[in-house]
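Asker: Attaching a single structure in C-alpha cells format; questions to follow.
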Amino acid sequence: MSTTATEALSVVVEREISYPPEKIWRALTQPHLIEAWLMKNDFKPVMDHRFNLRADWGAVACQVLAIEPNKTLSYTWAAHGLESVVTWTLTPTGAGTRLRMEQVGFRPDQQQAYSGAKAGWPRFFASLEQVLARDMESQ
C-alpha cells in the first residue's frame with residue numbers, strides 16, 4: 001500500500017484491561033494520575049479546556065475536543081510542529097474494558113514524531129496499567 005503526501009498517518013494502541021471503565025476514566029482524567037503515567041499537566045475534564053502536558057523535553061499544547069464520561073475523551077496534541085488529535089475510547093467487556101487510543105494527524109514528513117508515538121504509546125499504556133493497579137490497591 002502506498003501513501004500519498006496528503007495522507008495523514010495514525011497510531012492506534014488497543015488493550016483489554018481488567019478494570020471497569022470508571023477506574024480507567026479516573027486515570028485518564030485526574031491530573032495527579034495523568035502525571036503518574038503520562039506527564040505533568042493542568043488537565044480538567046471540561047469541553048474546550050486548554051491544558052499542557054509537560055516533560056523534560058518540552059510541552060504539548062492540548063485542548064479538550066470531546067468528553068463523554070467513562071466512554072470517550074478526545075483532545076488536540078500539538079508539539080514541535082505536530083498538530084494531531086488523541087482519542088481514547090473505553091468499551092466495557094466481560095473481563096473489564098477495551099481501551100483504545102488513536103492519535104491521528106501525522107504528516108508523511110513527520111516520521112520522527114510518528115515513530116516516537118508508535119514507540120511511546122505502548123510504554124504509556126504499560127505505565128497506565130501500573131497506575132491502575134496501584135490505584136486499585138489504595139482503595
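Letters A, B, ... mark the chains of the C-alpha cells in the order given; residue numbers begin at 1 per chain; ligand numbers begin at 1, in order shown.
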Using only C-alpha atoms, determine which residues lie at most 9 Å from range 51-55 of chain A, disregarding the query and same-chain residues fewer than 2 positions distant; provide the list as a list in words.
Answerer: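 My reading of the contact set: Glu35, Leu38, Met39, Lys40, Asn41, Asp42, Phe43, Lys44, His49, Trp57, Gly58, Ala59, Val60, Ala61, Cys62, Gln63 and Val64 of chain A.
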Asker: Kindly provide the residues of range 5-95 of chain A that approach range 110-131 of chain A to within 8 Å, each paired with its closest atom pair and their distance in Å to one decimal, based on only C-alpha atoms, listed by chain and increasing number, as a tab-separated table.
Answerer:
residue	atom	partner	partner_atom	distance
A:Leu9	CA	A:Tyr114	CA	7.6
A:Ser10	CA	A:Tyr114	CA	7.8
A:Val11	CA	A:Lys118	CA	6.0
A:Val13	CA	A:Pro122	CA	6.8
A:Ile17	CA	A:Glu129	CA	7.7
A:Ala27	CA	A:Leu128	CA	7.4
A:Leu33	CA	A:Val131	CA	7.1
A:Ala36	CA	A:Val131	CA	6.8
A:Trp37	CA	A:Ser127	CA	4.9
A:Leu38	CA	A:Phe124	CA	6.1
A:Leu82	CA	A:Ala113	CA	7.5
Asker: Quick check for you: according to DSSP on this backbone, which residues of chain A are classed as strand (DSSP E or B)? Reply as a ChimeraX atom specification.
Answerer: /A:9-17,40-41,50-55,58-68,72-79,82-93,96-106
Asker: Go ahead and save the picked residues with C-alpha atoms, as an mmCIF file, in the first residue's frame.
Answerer:
data_model
loop_
_atom_site.group_PDB
_atom_site.id
_atom_site.type_symbol
_atom_site.label_atom_id
_atom_site.label_comp_id
_atom_site.auth_asym_id
_atom_site.auth_seq_id
_atom_site.Cartn_x
_atom_site.Cartn_y
_atom_site.Cartn_z
ATOM 1 C CA LEU A 9 -0.762 8.682 9.469
ATOM 2 C CA SER A 10 -2.194 7.480 12.751
ATOM 3 C CA VAL A 11 -1.068 5.422 15.723
ATOM 4 C CA VAL A 12 -3.535 3.050 17.367
ATOM 5 C CA VAL A 13 -2.971 1.105 20.582
ATOM 6 C CA GLU A 14 -5.653 -1.185 21.993
ATOM 7 C CA ARG A 15 -5.613 -3.249 25.162
ATOM 8 C CA GLU A 16 -8.050 -5.322 27.140
ATOM 9 C CA ILE A 17 -7.624 -4.058 30.697
ATOM 10 C CA LYS A 40 2.787 16.704 34.394
ATOM 11 C CA ASN A 41 -0.346 18.581 33.403
ATOM 12 C CA ARG A 50 -6.847 24.215 27.137
ATOM 13 C CA PHE A 51 -4.099 22.404 29.012
ATOM 14 C CA ASN A 52 -0.433 21.493 28.748
ATOM 15 C CA LEU A 53 1.393 18.229 29.185
ATOM 16 C CA ARG A 54 4.947 18.886 30.371
ATOM 17 C CA ALA A 55 8.080 16.748 30.238
ATOM 18 C CA GLY A 58 9.222 20.335 26.421
ATOM 19 C CA ALA A 59 5.473 20.729 26.437
ATOM 20 C CA VAL A 60 2.450 19.591 24.476
ATOM 21 C CA ALA A 61 -0.354 22.118 23.981
ATOM 22 C CA CYS A 62 -3.770 20.463 24.166
ATOM 23 C CA GLN A 63 -7.457 21.304 24.095
ATOM 24 C CA VAL A 64 -10.362 19.048 25.051
ATOM 25 C CA LEU A 65 -12.487 18.325 21.959
ATOM 26 C CA ALA A 66 -14.911 15.680 23.240
ATOM 27 C CA ILE A 67 -15.725 14.239 26.604
ATOM 28 C CA GLU A 68 -18.281 11.567 27.415
ATOM 29 C CA THR A 72 -14.750 8.868 25.124
ATOM 30 C CA LEU A 73 -12.095 11.514 25.645
ATOM 31 C CA SER A 74 -10.538 13.437 22.773
ATOM 32 C CA TYR A 75 -8.037 16.295 22.762
ATOM 33 C CA THR A 76 -5.629 18.060 20.454
ATOM 34 C CA TRP A 77 -1.925 17.259 20.804
ATOM 35 C CA ALA A 78 0.357 19.963 19.416
ATOM 36 C CA ALA A 79 4.136 19.923 19.843
ATOM 37 C CA LEU A 82 2.828 18.261 15.075
ATOM 38 C CA GLU A 83 -0.891 19.072 15.024
ATOM 39 C CA SER A 84 -2.700 15.879 15.975
ATOM 40 C CA VAL A 85 -5.702 14.575 17.888
ATOM 41 C CA VAL A 86 -5.668 11.881 20.570
ATOM 42 C CA THR A 87 -8.910 9.979 21.155
ATOM 43 C CA TRP A 88 -9.490 7.496 23.957
ATOM 44 C CA THR A 89 -12.402 5.061 23.666
ATOM 45 C CA LEU A 90 -13.492 2.837 26.560
ATOM 46 C CA THR A 91 -15.717 -0.149 25.811
ATOM 47 C CA PRO A 92 -16.936 -2.391 28.648
ATOM 48 C CA THR A 93 -16.197 -6.104 28.182
ATOM 49 C CA GLY A 96 -13.057 -5.318 32.137
ATOM 50 C CA THR A 97 -12.576 -2.675 29.456
ATOM 51 C CA ARG A 98 -11.227 -2.488 25.925
ATOM 52 C CA LEU A 99 -9.174 0.702 25.906
ATOM 53 C CA ARG A 100 -8.363 2.163 22.504
ATOM 54 C CA MET A 101 -6.131 5.168 21.899
ATOM 55 C CA GLU A 102 -5.812 6.664 18.448
ATOM 56 C CA GLN A 103 -3.537 9.584 17.615
ATOM 57 C CA VAL A 104 -4.255 10.971 14.148
ATOM 58 C CA GLY A 105 -2.674 13.725 12.106
ATOM 59 C CA PHE A 106 0.943 12.755 11.445
#
Asker: Between CA of Lys71 in chain A and CA of Pro21 in chain A, what is the spacing in Å?
Answerer: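 Going from CA of Pro21 in chain A over to CA of Lys71 in chain A covers 7.4 Å.
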Asker: Output as a compact mmCIF listing (two decimals) with N, CA, C and O atoms, in the first residue's frame all residues of chain A that backbone DSSP marks as alpha helix (DSSP H).
Answerer:
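New file selection-v6.txt:
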# COMPACT_ATOMS: atom_id res chain seq x y z
N PRO A 21 -14.57 0.58 33.24
CA PRO A 21 -14.34 1.87 32.59
C PRO A 21 -14.19 3.03 33.58
O PRO A 21 -13.37 3.93 33.35
N GLU A 22 -14.94 3.01 34.68
CA GLU A 22 -14.87 4.11 35.65
C GLU A 22 -13.47 4.28 36.23
O GLU A 22 -13.01 5.40 36.46
N LYS A 23 -12.79 3.18 36.50
CA LYS A 23 -11.43 3.24 37.06
C LYS A 23 -10.44 3.77 36.02
O LYS A 23 -9.56 4.57 36.34
N ILE A 24 -10.59 3.32 34.79
CA ILE A 24 -9.70 3.78 33.73
C ILE A 24 -9.96 5.25 33.43
O ILE A 24 -9.03 6.04 33.26
N TRP A 25 -11.23 5.64 33.42
CA TRP A 25 -11.60 7.02 33.17
C TRP A 25 -10.93 7.94 34.20
O TRP A 25 -10.41 9.00 33.86
N ARG A 26 -10.94 7.50 35.45
CA ARG A 26 -10.30 8.27 36.52
C ARG A 26 -8.82 8.50 36.21
O ARG A 26 -8.31 9.61 36.34
N ALA A 27 -8.13 7.46 35.74
CA ALA A 27 -6.70 7.58 35.43
C ALA A 27 -6.46 8.45 34.20
O ALA A 27 -5.38 9.03 34.05
N LEU A 28 -7.46 8.56 33.32
CA LEU A 28 -7.33 9.39 32.11
C LEU A 28 -7.68 10.85 32.38
O LEU A 28 -7.35 11.71 31.56
N THR A 29 -8.36 11.14 33.50
CA THR A 29 -8.88 12.49 33.71
C THR A 29 -8.48 13.16 35.03
O THR A 29 -8.78 14.33 35.21
N PRO A 31 -5.65 14.81 37.19
CA PRO A 31 -4.30 15.31 36.94
C PRO A 31 -3.17 14.56 37.65
O PRO A 31 -2.14 14.28 37.05
N HIS A 32 -3.35 14.20 38.93
CA HIS A 32 -2.27 13.51 39.65
C HIS A 32 -2.04 12.11 39.07
O HIS A 32 -0.91 11.62 39.06
N LEU A 33 -3.10 11.47 38.58
CA LEU A 33 -2.94 10.15 37.97
C LEU A 33 -2.35 10.27 36.56
O LEU A 33 -1.50 9.47 36.17
N ILE A 34 -2.78 11.28 35.80
CA ILE A 34 -2.20 11.51 34.46
C ILE A 34 -0.69 11.73 34.60
O ILE A 34 0.09 11.19 33.83
N GLU A 35 -0.31 12.50 35.60
CA GLU A 35 1.12 12.76 35.81
C GLU A 35 1.88 11.47 36.09
O GLU A 35 3.02 11.29 35.66
N ALA A 36 1.24 10.54 36.80
CA ALA A 36 1.91 9.29 37.17
C ALA A 36 2.18 8.38 35.97
O ALA A 36 3.14 7.62 35.99
N TRP A 37 1.36 8.46 34.92
CA TRP A 37 1.58 7.56 33.77
C TRP A 37 1.94 8.26 32.48
O TRP A 37 2.46 7.64 31.56
N GLN A 111 8.04 11.72 10.14
CA GLN A 111 8.38 10.34 10.51
C GLN A 111 8.96 10.23 11.91
O GLN A 111 8.69 9.25 12.60
N GLN A 112 9.74 11.21 12.33
CA GLN A 112 10.33 11.13 13.67
C GLN A 112 9.24 11.18 14.73
O GLN A 112 9.25 10.38 15.67
N ALA A 113 8.29 12.09 14.60
CA ALA A 113 7.19 12.18 15.56
C ALA A 113 6.33 10.92 15.51
O ALA A 113 5.93 10.39 16.55
N TYR A 114 6.08 10.43 14.30
CA TYR A 114 5.28 9.22 14.12
C TYR A 114 5.96 8.02 14.78
O TYR A 114 5.34 7.27 15.54
N SER A 115 7.24 7.86 14.52
CA SER A 115 8.00 6.75 15.13
C SER A 115 8.03 6.88 16.65
O SER A 115 7.92 5.89 17.37
N GLY A 116 8.18 8.11 17.12
CA GLY A 116 8.19 8.34 18.57
C GLY A 116 6.86 7.96 19.20
O GLY A 116 6.82 7.34 20.26
N ALA A 117 5.77 8.30 18.54
CA ALA A 117 4.44 7.95 19.06
C ALA A 117 4.23 6.44 19.02
O ALA A 117 3.68 5.86 19.97
N LYS A 118 4.66 5.80 17.94
CA LYS A 118 4.49 4.34 17.83
C LYS A 118 5.25 3.62 18.93
O LYS A 118 4.80 2.61 19.45
N ALA A 119 6.42 4.15 19.30
CA ALA A 119 7.21 3.54 20.38
C ALA A 119 6.72 3.99 21.75
O ALA A 119 6.74 3.20 22.71
N GLY A 120 6.27 5.23 21.87
CA GLY A 120 5.92 5.80 23.17
C GLY A 120 4.59 5.37 23.73
O GLY A 120 4.49 5.08 24.93
N TRP A 121 3.55 5.30 22.89
CA TRP A 121 2.23 4.99 23.44
C TRP A 121 2.16 3.62 24.09
O TRP A 121 1.55 3.50 25.16
N PRO A 122 2.76 2.57 23.55
CA PRO A 122 2.73 1.29 24.29
C PRO A 122 3.39 1.39 25.67
O PRO A 122 2.92 0.77 26.63
N ARG A 123 4.44 2.20 25.78
CA ARG A 123 5.08 2.40 27.09
C ARG A 123 4.14 3.16 28.03
O ARG A 123 4.05 2.85 29.22
N PHE A 124 3.46 4.19 27.49
CA PHE A 124 2.49 4.92 28.32
C PHE A 124 1.37 3.99 28.78
O PHE A 124 0.92 4.08 29.92
N PHE A 125 0.91 3.09 27.90
CA PHE A 125 -0.12 2.12 28.29
C PHE A 125 0.37 1.24 29.44
O PHE A 125 -0.38 0.99 30.38
N ALA A 126 1.60 0.78 29.36
CA ALA A 126 2.16 -0.06 30.43
C ALA A 126 2.20 0.73 31.74
O ALA A 126 1.83 0.20 32.80
N SER A 127 2.59 2.00 31.68
CA SER A 127 2.61 2.84 32.88
C SER A 127 1.19 3.07 33.40
O SER A 127 0.96 3.06 34.61
N LEU A 128 0.24 3.25 32.48
CA LEU A 128 -1.16 3.43 32.88
C LEU A 128 -1.66 2.20 33.64
O LEU A 128 -2.31 2.32 34.69
N GLU A 129 -1.34 1.02 33.14
CA GLU A 129 -1.78 -0.21 33.81
C GLU A 129 -1.16 -0.32 35.21
O GLU A 129 -1.83 -0.78 36.14
N GLN A 130 0.08 0.12 35.38
CA GLN A 130 0.71 0.11 36.71
C GLN A 130 0.00 1.08 37.65
O GLN A 130 -0.23 0.78 38.82
N VAL A 131 -0.35 2.26 37.13
CA VAL A 131 -1.06 3.25 37.93
C VAL A 131 -2.43 2.71 38.33
O VAL A 131 -2.85 2.86 39.48
N LEU A 132 -3.13 2.05 37.41
CA LEU A 132 -4.42 1.46 37.73
C LEU A 132 -4.30 0.42 38.84
O LEU A 132 -5.11 0.39 39.77
N ALA A 133 -3.28 -0.40 38.76
CA ALA A 133 -3.08 -1.43 39.78
C ALA A 133 -2.81 -0.79 41.15
O ALA A 133 -3.38 -1.21 42.17
N ARG A 134 -1.97 0.25 41.18
CA ARG A 134 -1.69 0.94 42.45
C ARG A 134 -2.94 1.64 42.98
O ARG A 134 -3.22 1.63 44.17
N ASP A 135 -3.69 2.27 42.08
CA ASP A 135 -4.89 3.00 42.46
C ASP A 135 -5.92 2.05 43.05
O ASP A 135 -6.60 2.35 44.01
N MET A 136 -6.03 0.85 42.49
CA MET A 136 -6.97 -0.15 42.99
C MET A 136 -6.55 -0.64 44.39
O MET A 136 -7.39 -0.84 45.26
N GLU A 137 -5.25 -0.81 44.58
CA GLU A 137 -4.75 -1.28 45.89
C GLU A 137 -4.99 -0.26 46.99
O GLU A 137 -5.20 -0.63 48.14
Asker: Have a look at A:Pro45, A:Ala8, A:Asp109, A:Ala95 and name the one nearest to Pro69 in chain A; count only C-alpha atoms.
Answerer: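 So, comparing all the options, the nearest one is A:Pro45.
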